[in-house]
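See below for the structure under consideration.
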Amino acid sequence: MRAPEARLEQVIDRFDQVEARLSAAADPAEIVKLSKEHAELKAVADKAKALKAARAELADLEAMIAEGGDAEMAALAEEERKALKARLPALEREMSLALLPKDRDDAASAMIEIRAGTGGDEAALFAGDLYRMYQRYAQLQGWTFELVSASESEVGGFKEVIASIRGNGVFGRLKFESGVHRVQRVPVTEAGGRIHTSAATVAILPEPEEVDIVIRDEDIRIDTMRASGAGGQHVNKTDSAVRMTHIPTGIVVISQEKSQHQNRAIALQVLKTRLYEKERAEKDAARAAERKGQVGSGDRSERIRTYNFPQGRVTDHRINLTLYKLDDILSGEALDEMVSALVAEDQAARLAAMEEA
């Protein structure tokens, strides 16, 4: 797909405008806003400049060859033309990908919620495996990973666990992890050596900016209670845990890992995230037809992946990708290979949709 020359000029002009305004800005709020746009535009503008330069060079070489003249110079120009023509499709594709409409939340941090599904104790243990996988992956990406709340199982693992992952581009990389993750293995509690199938659900929710969600004081009810479960240093000592209820929607959030003051702040942020996700889901439902054929909706009810221990493989059912790297994926070391494949498939689908339009 060839990016229109006018679109390249538009991108470069906008970047130059933002850069000029940023150098002259004095208002802190404007500087923050312009800095964010500058960072987002720079990579796109650099690609646009590189593509324009390559196109111009190709035109010059073809004009030189057409003119004839010195045979040796013409031969050199022909070699350069062939090399440039071979490189140009990759530059065109990179530019087309850069110009794809972006999910405005792709650059956002995210909340990850993991819940044990079917499978009892084994499902809870698997939820713990997934939690550690994403924790390690976040560390490898240079992101900050912080536990928000957890409900542990008696045998280990989690019935439910929520964590905050902060960094640039977290949601954009992890959004396709939402869905049902299935595990096939022999549980530690299984004496007969039979393979069981269990599941856990993963939800990746973008953390909204402060301006995105406004919650009125009269719309929430806050109850305090004693913390329970592992990690609660205040267990049976103080009413440190906070349960926050959003009255209009009935959404309930519990935070119990910190002090009462910290738990209030954490619960409010989680509540905002869930309300923001609710708005996103409603908008997505209205655009369901547009998203048909993409990697997936991110619906947590959709079975997306199977982790098969006997064969040491992980299969993502949406893109029919199987990697025989189960241990490396669960350790977080090879998860990026799966994540990158999902992102690439989504980009390819959206490019194809643009070309058809």
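Each chain in the structure tokens gets a letter, A, B, ..., in the order shown, and its residues are numbered from 1; ligands are numbered from 1 in order too.
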Problem set entry | alpha helix (DSSP H) residues, from DSSP on the backbone, in region 110-340 of chain A, as a PyMOL selection string | chain A and resi 121-141+170-174+260-286+288-291+326-330+335-340
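DSSP annotation of region 61-136 of chain A from backbone atoms: strand (DSSP E) residues are Ala110, Met111, Ile112, Glu113, Ile114, Arg115 and Ala116 of chain A.
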Need the shell around Arg194 (chain A): protein/DNA/RNA residues with any atom at most 12 Å away, counting only C-alpha atoms. Skip same-chain ones fewer than 4 positions apart. Format as a PDB file with N, CA and C atoms, in the first residue's frame?
```pdb
ATOM      1  N   GLN A 184      -3.797 -27.655  30.230  1.00  0.00           N
ATOM      2  CA  GLN A 184      -3.960 -29.105  30.229  1.00  0.00           C
ATOM      3  C   GLN A 184      -2.714 -29.711  30.861  1.00  0.00           C
ATOM      4  N   ARG A 185      -2.889 -30.306  32.045  1.00  0.00           N
ATOM      5  CA  ARG A 185      -1.762 -30.917  32.751  1.00  0.00           C
ATOM      6  C   ARG A 185      -2.271 -31.855  33.844  1.00  0.00           C
ATOM      7  N   VAL A 186      -1.352 -32.588  34.432  1.00  0.00           N
ATOM      8  CA  VAL A 186      -1.691 -33.468  35.548  1.00  0.00           C
ATOM      9  C   VAL A 186      -1.575 -32.644  36.830  1.00  0.00           C
ATOM     10  N   PRO A 187      -2.674 -32.416  37.540  1.00  0.00           N
ATOM     11  CA  PRO A 187      -2.609 -31.623  38.773  1.00  0.00           C
ATOM     12  C   PRO A 187      -1.757 -32.307  39.838  1.00  0.00           C
ATOM     13  N   VAL A 188      -1.174 -31.514  40.710  1.00  0.00           N
ATOM     14  CA  VAL A 188      -0.349 -32.078  41.785  1.00  0.00           C
ATOM     15  C   VAL A 188      -1.193 -32.928  42.731  1.00  0.00           C
ATOM     16  N   THR A 189      -2.495 -32.684  42.748  1.00  0.00           N
ATOM     17  CA  THR A 189      -3.391 -33.425  43.643  1.00  0.00           C
ATOM     18  C   THR A 189      -3.925 -34.704  42.988  1.00  0.00           C
ATOM     19  N   GLU A 190      -3.542 -34.954  41.726  1.00  0.00           N
ATOM     20  CA  GLU A 190      -4.063 -36.113  40.989  1.00  0.00           C
ATOM     21  C   GLU A 190      -3.149 -37.321  41.170  1.00  0.00           C
ATOM     22  N   PRO A 310       1.831 -31.776  28.774  1.00  0.00           N
ATOM     23  CA  PRO A 310       2.410 -33.037  28.284  1.00  0.00           C
ATOM     24  C   PRO A 310       3.225 -32.861  27.007  1.00  0.00           C
TER      25      PRO A 310
END
```
Quick one: which region 35-142 of chain A residues come within 6 Å of region 161-169 of chain A, and what is the nearest atom pair for each with the distance in Å to one decimal, counting only C-alpha atoms, rows ordered by chain and ascending number, as a Markdown table?
```
| residue | atom | partner | partner_atom | distance |
| --- | --- | --- | --- | --- |
| A:Asp106 | CA | A:Gly169 | CA | 5.6 |
| A:Ala107 | CA | A:Gly169 | CA | 3.8 |
| A:Ala108 | CA | A:Gly169 | CA | 5.7 |
| A:Ser109 | CA | A:Arg166 | CA | 4.6 |
| A:Ala110 | CA | A:Ile165 | CA | 5.3 |
| A:Met111 | CA | A:Ser164 | CA | 4.6 |
| A:Ile112 | CA | A:Ala163 | CA | 5.4 |
| A:Glu113 | CA | A:Ile162 | CA | 4.5 |
| A:Ile114 | CA | A:Val161 | CA | 5.4 |
```
Let me see the file: selected residues, C-alpha atoms, as a PDB file, in the first residue's frame.
```pdb
ATOM      1  CA  ASP A 106      -2.525   1.875  23.254  1.00  0.00           C
ATOM      2  CA  ALA A 107       0.030   4.066  25.008  1.00  0.00           C
ATOM      3  CA  ALA A 108      -1.711   3.743  28.386  1.00  0.00           C
ATOM      4  CA  SER A 109      -0.737   1.765  31.454  1.00  0.00           C
ATOM      5  CA  ALA A 110      -3.077  -1.090  32.352  1.00  0.00           C
ATOM      6  CA  MET A 111      -4.745  -3.076  35.081  1.00  0.00           C
ATOM      7  CA  ILE A 112      -4.566  -6.850  34.802  1.00  0.00           C
ATOM      8  CA  GLU A 113      -7.245  -8.971  36.461  1.00  0.00           C
ATOM      9  CA  ILE A 114      -6.775 -12.731  36.632  1.00  0.00           C
TER      10      ILE A 114
END
```
Exercise. Please, what distance in Å, to one decimal, runs between CA of Ile12 (chain A) and CA of Asp103 (chain A)?
Worked result: 21.1 Å
Exercise. Can you list, as a PyMOL selection string, every protein, DNA or RNA residue that comes within 12 Å of Arg216 (chain A) when you count only C-alpha atoms, leaving out same-chain residues fewer than 2 positions away?
Worked result: chain A and resi 213-214+218-221+246-248+268+272
Determine, counting only C-alpha atoms, which protein, DNA and RNA residues have an atom within 12 Å of an atom of region 31-35 of chain A; residues of the same chain fewer than 2 positions away are not included. Present the result as a PDB file with N, CA and C atoms, in the first residue's frame.
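Written file, around-v4.pdb:
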```pdb
ATOM      1  N   ARG A  14       2.865  18.651  10.688  1.00  0.00           N
ATOM      2  CA  ARG A  14       2.312  18.645  12.047  1.00  0.00           C
ATOM      3  C   ARG A  14       3.422  18.460  13.072  1.00  0.00           C
ATOM      4  N   PHE A  15       4.368  17.589  12.787  1.00  0.00           N
ATOM      5  CA  PHE A  15       5.489  17.371  13.713  1.00  0.00           C
ATOM      6  C   PHE A  15       6.309  18.649  13.865  1.00  0.00           C
ATOM      7  N   ASP A  16       6.574  19.325  12.763  1.00  0.00           N
ATOM      8  CA  ASP A  16       7.348  20.573  12.813  1.00  0.00           C
ATOM      9  C   ASP A  16       6.607  21.641  13.619  1.00  0.00           C
ATOM     10  N   GLN A  17       5.281  21.696  13.466  1.00  0.00           N
ATOM     11  CA  GLN A  17       4.474  22.659  14.229  1.00  0.00           C
ATOM     12  C   GLN A  17       4.555  22.373  15.728  1.00  0.00           C
ATOM     13  N   VAL A  18       4.405  21.100  16.091  1.00  0.00           N
ATOM     14  CA  VAL A  18       4.445  20.719  17.504  1.00  0.00           C
ATOM     15  C   VAL A  18       5.820  21.012  18.091  1.00  0.00           C
ATOM     16  N   GLU A  19       6.863  20.711  17.327  1.00  0.00           N
ATOM     17  CA  GLU A  19       8.229  20.941  17.799  1.00  0.00           C
ATOM     18  C   GLU A  19       8.468  22.435  18.024  1.00  0.00           C
ATOM     19  N   ALA A  20       7.970  23.268  17.118  1.00  0.00           N
ATOM     20  CA  ALA A  20       8.135  24.717  17.246  1.00  0.00           C
ATOM     21  C   ALA A  20       7.367  25.246  18.457  1.00  0.00           C
ATOM     22  N   ARG A  21       6.143  24.768  18.643  1.00  0.00           N
ATOM     23  CA  ARG A  21       5.339  25.214  19.787  1.00  0.00           C
ATOM     24  C   ARG A  21       5.952  24.748  21.103  1.00  0.00           C
ATOM     25  N   LEU A  22       6.505  23.545  21.094  1.00  0.00           N
ATOM     26  CA  LEU A  22       7.110  23.002  22.317  1.00  0.00           C
ATOM     27  C   LEU A  22       8.303  23.832  22.764  1.00  0.00           C
ATOM     28  N   SER A  23       9.093  24.291  21.816  1.00  0.00           N
ATOM     29  CA  SER A  23      10.285  25.080  22.159  1.00  0.00           C
ATOM     30  C   SER A  23       9.914  26.455  22.712  1.00  0.00           C
ATOM     31  N   ALA A  24       8.683  26.927  22.393  1.00  0.00           N
ATOM     32  CA  ALA A  24       8.266  28.262  22.837  1.00  0.00           C
ATOM     33  C   ALA A  24       7.280  28.221  24.003  1.00  0.00           C
ATOM     34  N   ALA A  25       6.769  27.039  24.340  1.00  0.00           N
ATOM     35  CA  ALA A  25       5.732  26.929  25.373  1.00  0.00           C
ATOM     36  C   ALA A  25       6.287  27.223  26.765  1.00  0.00           C
ATOM     37  N   ALA A  26       5.450  27.849  27.607  1.00  0.00           N
ATOM     38  CA  ALA A  26       5.831  28.161  28.989  1.00  0.00           C
ATOM     39  C   ALA A  26       4.877  27.526  29.993  1.00  0.00           C
ATOM     40  N   ASP A  27       3.639  27.282  29.574  1.00  0.00           N
ATOM     41  CA  ASP A  27       2.650  26.698  30.474  1.00  0.00           C
ATOM     42  C   ASP A  27       2.955  25.207  30.693  1.00  0.00           C
ATOM     43  N   PRO A  28       3.113  24.780  31.962  1.00  0.00           N
ATOM     44  CA  PRO A  28       3.461  23.378  32.247  1.00  0.00           C
ATOM     45  C   PRO A  28       2.483  22.371  31.649  1.00  0.00           C
ATOM     46  N   ALA A  29       1.184  22.666  31.740  1.00  0.00           N
ATOM     47  CA  ALA A  29       0.176  21.740  31.204  1.00  0.00           C
ATOM     48  C   ALA A  29       0.311  21.598  29.693  1.00  0.00           C
ATOM     49  N   GLU A  37       2.535  14.532  22.467  1.00  0.00           N
ATOM     50  CA  GLU A  37       2.252  14.479  21.031  1.00  0.00           C
ATOM     51  C   GLU A  37       3.550  14.416  20.232  1.00  0.00           C
ATOM     52  N   HIS A  38       4.562  15.129  20.702  1.00  0.00           N
ATOM     53  CA  HIS A  38       5.863  15.139  20.023  1.00  0.00           C
ATOM     54  C   HIS A  38       6.457  13.725  20.015  1.00  0.00           C
ATOM     55  N   ALA A  39       6.383  13.055  21.163  1.00  0.00           N
ATOM     56  CA  ALA A  39       6.924  11.699  21.264  1.00  0.00           C
ATOM     57  C   ALA A  39       6.173  10.736  20.345  1.00  0.00           C
ATOM     58  N   GLU A  40       4.857  10.900  20.253  1.00  0.00           N
ATOM     59  CA  GLU A  40       4.047  10.024  19.411  1.00  0.00           C
ATOM     60  C   GLU A  40       4.299  10.275  17.927  1.00  0.00           C
ATOM     61  N   LEU A  41       4.532  11.552  17.569  1.00  0.00           N
ATOM     62  CA  LEU A  41       4.690  11.918  16.160  1.00  0.00           C
ATOM     63  C   LEU A  41       6.095  11.685  15.618  1.00  0.00           C
ATOM     64  N   LYS A  42       7.092  11.714  16.498  1.00  0.00           N
ATOM     65  CA  LYS A  42       8.476  11.694  16.020  1.00  0.00           C
ATOM     66  C   LYS A  42       8.783  10.455  15.169  1.00  0.00           C
TER      67      LYS A  42
END
```
For this session: Tell me which protein, DNA and RNA residues are within 9 Å of Ala127 (chain A), counting only C-alpha atoms, leaving out same-chain ones fewer than 5 positions away, and put them as a PyMOL selection string.
Result: chain A and resi 114-117+122+132+157-161+199-202
What does the file look like for those residues with C-alpha atoms, as a PDB file, in the first residue's frame?
```
ATOM      1  CA  ILE A 114      -6.775 -12.731  36.632  1.00  0.00           C
ATOM      2  CA  ARG A 115      -9.500 -15.018  37.964  1.00  0.00           C
ATOM      3  CA  ALA A 116      -9.562 -18.780  38.448  1.00  0.00           C
ATOM      4  CA  GLY A 117     -12.213 -20.367  36.235  1.00  0.00           C
ATOM      5  CA  GLU A 122      -5.967 -26.450  39.793  1.00  0.00           C
ATOM      6  CA  ARG A 132       3.933 -14.701  37.674  1.00  0.00           C
ATOM      7  CA  GLY A 157      -2.356 -19.576  43.526  1.00  0.00           C
ATOM      8  CA  PHE A 158      -5.230 -17.135  43.359  1.00  0.00           C
ATOM      9  CA  LYS A 159      -8.991 -17.161  43.203  1.00  0.00           C
ATOM     10  CA  GLU A 160      -8.633 -13.580  41.956  1.00  0.00           C
ATOM     11  CA  VAL A 161      -5.704 -11.199  41.671  1.00  0.00           C
ATOM     12  CA  ALA A 199      -9.001 -22.404  32.941  1.00  0.00           C
ATOM     13  CA  ALA A 200      -8.441 -18.877  34.169  1.00  0.00           C
ATOM     14  CA  THR A 201      -9.702 -15.601  32.754  1.00  0.00           C
ATOM     15  CA  VAL A 202      -7.469 -12.626  32.057  1.00  0.00           C
TER      16      VAL A 202
END
```
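Here CA of Glu80 (chain A) stands at a distance of 9.5 Å from CA of Glu57 (chain A).
In terms of minimum interatomic distance to Val242 (chain A), A:Asn263 ranks closest within A:Ser149, A:Asn263, A:Thr144, A:Ser178, counting only C-alpha atoms.
The nearest approach to Ser151 (chain A) among the residues A:Ser255, A:Gly120, A:Gln347, A:Glu92, with only C-alpha atoms taken into account, belongs to A:Ser255.
Close contacts of Val252 (chain A), defined as residues with an atom at most 8 Å away when counting only C-alpha atoms, with chain neighbours fewer than 3 positions off set aside, comprise Arg243, Met244, Thr245, His246 and Leu271 of chain A.
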Can you write out the residues you just picked, keeping C-alpha atoms, as a PDB file, in the first residue's frame?
```
ATOM      1  CA  ARG A 243     -14.758  -1.945  49.786  1.00  0.00           C
ATOM      2  CA  MET A 244     -15.935   0.685  47.316  1.00  0.00           C
ATOM      3  CA  THR A 245     -19.313   0.385  45.585  1.00  0.00           C
ATOM      4  CA  HIS A 246     -20.319   2.440  42.568  1.00  0.00           C
ATOM      5  CA  LEU A 271     -13.111   1.631  39.957  1.00  0.00           C
TER       6      LEU A 271
END
```
